[in-house]
Amino acid sequence: MRRRFGPPVDLDPLRVTEAVLPLQSYDDRGGYDPGFILRDRPLPLPGPGRWTDDLVELIPEARQAGRDETELRYTHFSVRMSQSRALPLLSACNIDGNQTDRTIPRSNTWRRDPRIEARYQNLREGYGNAHQGLFSRGHMTRREDPNWGDRDTAVQADADTFHITNVAPQRQGFNGGIWLELENYVLDNADRANLKVTVITGPILSPDDPVYYNRQIPVAFWKVLAFVHAGSGELTTIGYRRSQMDYLPRPTGNRFVFGDFQDSQVPIRAIAEESGLNLDAYADLDVMAGAAPEIEVRVSSVSDFYLSR
């Protein structure tokens, strides 16, 4: 039986609104672009794999002809959600390093997305001040990453990242370090002629995840990054996994599900196995494609990553 920590609470933290945007305001959202890096080598949105029957679908009024009814499209990124966990399975973002605008002010207002049912979107429960033992709303697609294009587009992208669909609960101490630096490091090592990166991020949702404040909290998170390597000129992918186990209360006998490493580079096939998603298109390009799935390389800084075979 899973252990529970803390009483059930109904919190009302700051910077949260119950107001939702009109459905039609999302009509121009292009979402994730598979051909963003190389048009002749598209990288599709990861398939749902074992989550096929658990995907959240758009409400009928939000559906558009010819579009995937399980893909929430935002400005330069897309999200797929789990019904059973009311959390994102993945958030996939295109980053244009030549156009990124780091001066965009932080929107900082969390809201639900009206295109899916509210019951799949936990806006408040368990979130709040860290010193009270509560969780941060941890961006999956980092707020700065889709902020490129003209000014209005970048401002809209920033605001889009503050939808609760782009969030998983994270302890504040976890939400930093390599987790935030990796995209910039990869951009620094990308081909200057094609300074584009795709980043796909998500939680590893396990039936063994501990329960806090009536919610199962993911212990670990992952990123897959794709880019054209500056040295080889080849389309390249890497996989990264980060554990927040050290930041969670750990009762006697609780185990490290993912080893003793807080940060590690891992084969993308291992991420596919653990996440339950179809990442075949990315695993074939992985610098660790030849490694067994159980192999992980501990990293203490972004410079420890292997970026080529």
# chains A, B, ... in the order shown; residues from 1 in each chain; ligands from 1

$ residues_around --residues "Gly202 of chain A" --least-positions-apart "2" --cutoff "9 Å" --atoms "only C-alpha atoms" --output "list in words"
Pro88, Leu89, Leu90, Ser91, Ala92, Met140, Thr141, Ala168, Ile200, Ile204, Leu205, Ala220, Phe221, Trp222, Lys223 and Ser275 of chain A

$ select_by_dssp --residues "segment 117-291 of chain A" --states "strand (DSSP E)" --output "number ranges by chain"
A: 136-139, 167-170, 196-204, 211-212, 215-216, 220-228, 235-243, 263-265

$ atom_distance --atom1 "atom CA of Ala291 of chain A" --atom2 "atom CA of Asp304 of chain A"
17.0 Å

$ closest_residue --among "A:Glu57, A:Glu144, A:Asp263, A:Asp150" --to "Gly177 of chain A" --atoms "only C-alpha atoms"
A:Asp263

$ select_by_dssp --residues "segment 88-282 of chain A" --states "alpha helix (DSSP H)" --output "PyMOL selection string"
chain A and resi 151-160+178-188+268-275+280-282

$ write_last_selection --atoms "C-alpha atoms" --output "CSV table (one decimal), in the first residue's frame"
chain,number,residue,atom,x,y,z
A,151,ARG,CA,7.5,40.1,-30.2
A,152,ASP,CA,3.8,39.4,-30.0
A,153,THR,CA,4.4,35.7,-30.8
A,154,ALA,CA,7.1,35.4,-28.2
A,155,VAL,CA,4.8,37.0,-25.5
A,156,GLN,CA,2.0,34.6,-26.4
A,157,ALA,CA,4.4,31.7,-26.2
A,158,ASP,CA,5.5,32.7,-22.7
A,159,ALA,CA,1.9,32.9,-21.6
A,160,ASP,CA,1.1,29.6,-23.2
A,178,ILE,CA,21.2,20.9,-15.2
A,179,TRP,CA,17.5,20.7,-15.7
A,180,LEU,CA,17.4,24.4,-16.7
A,181,GLU,CA,20.9,24.6,-18.3
A,182,LEU,CA,20.7,21.7,-20.7
A,183,GLU,CA,18.9,23.4,-23.6
A,184,ASN,CA,21.3,26.3,-23.6
A,185,TYR,CA,24.3,23.9,-23.5
A,186,VAL,CA,23.0,22.0,-26.5
A,187,LEU,CA,22.3,25.3,-28.4
A,188,ASP,CA,26.0,26.2,-27.7
A,268,ILE,CA,16.6,7.1,-25.2
A,269,ARG,CA,15.4,3.5,-25.5
A,270,ALA,CA,15.5,3.4,-21.6
A,271,ILE,CA,13.4,6.5,-21.5
A,272,ALA,CA,10.9,4.9,-23.8
A,273,GLU,CA,10.7,1.8,-21.6
A,274,GLU,CA,10.2,3.8,-18.4
A,275,SER,CA,7.9,6.5,-19.8
A,280,ASP,CA,11.8,5.2,-31.9
A,281,ALA,CA,12.5,8.1,-34.2
A,282,TYR,CA,14.7,9.7,-31.5

$ closest_atom_pairs --of "segment 180-243 of chain A" --to "segment 118-139 of chain A" --cutoff "9 Å" --atoms "only C-alpha atoms" --output "CSV"
residue,atom,partner,partner_atom,distance
A:Tyr212,CA,A:Gly126,CA,7.3
A:Tyr213,CA,A:Gly126,CA,5.4
A:Asn214,CA,A:Gly126,CA,7.9
A:Arg215,CA,A:Gly126,CA,7.5

$ closest_residue --among "A:Arg115, A:Asn98, A:Val224, A:Arg85" --to "Thr70 of chain A" --atoms "only C-alpha atoms"
A:Arg115

$ residues_around --residues "Gly49 of chain A" --least-positions-apart "5" --cutoff "7 Å" --atoms "only C-alpha atoms" --output "list in words"
Gly276, Leu277 and Asn278 of chain A

$ write_last_selection --atoms "C-alpha atoms" --output "PDB file, in the first residue's frame"
ATOM      1  CA  GLY A 276       5.861   4.014 -21.932  1.00  0.00           C
ATOM      2  CA  LEU A 277       6.037   6.320 -24.968  1.00  0.00           C
ATOM      3  CA  ASN A 278       7.123   5.525 -28.519  1.00  0.00           C
TER       4      ASN A 278
END

$ closest_residue --among "A:Leu195, A:Ala292, A:Leu72, A:Val299" --to "Gln99 of chain A" --atoms "only C-alpha atoms"
A:Leu195
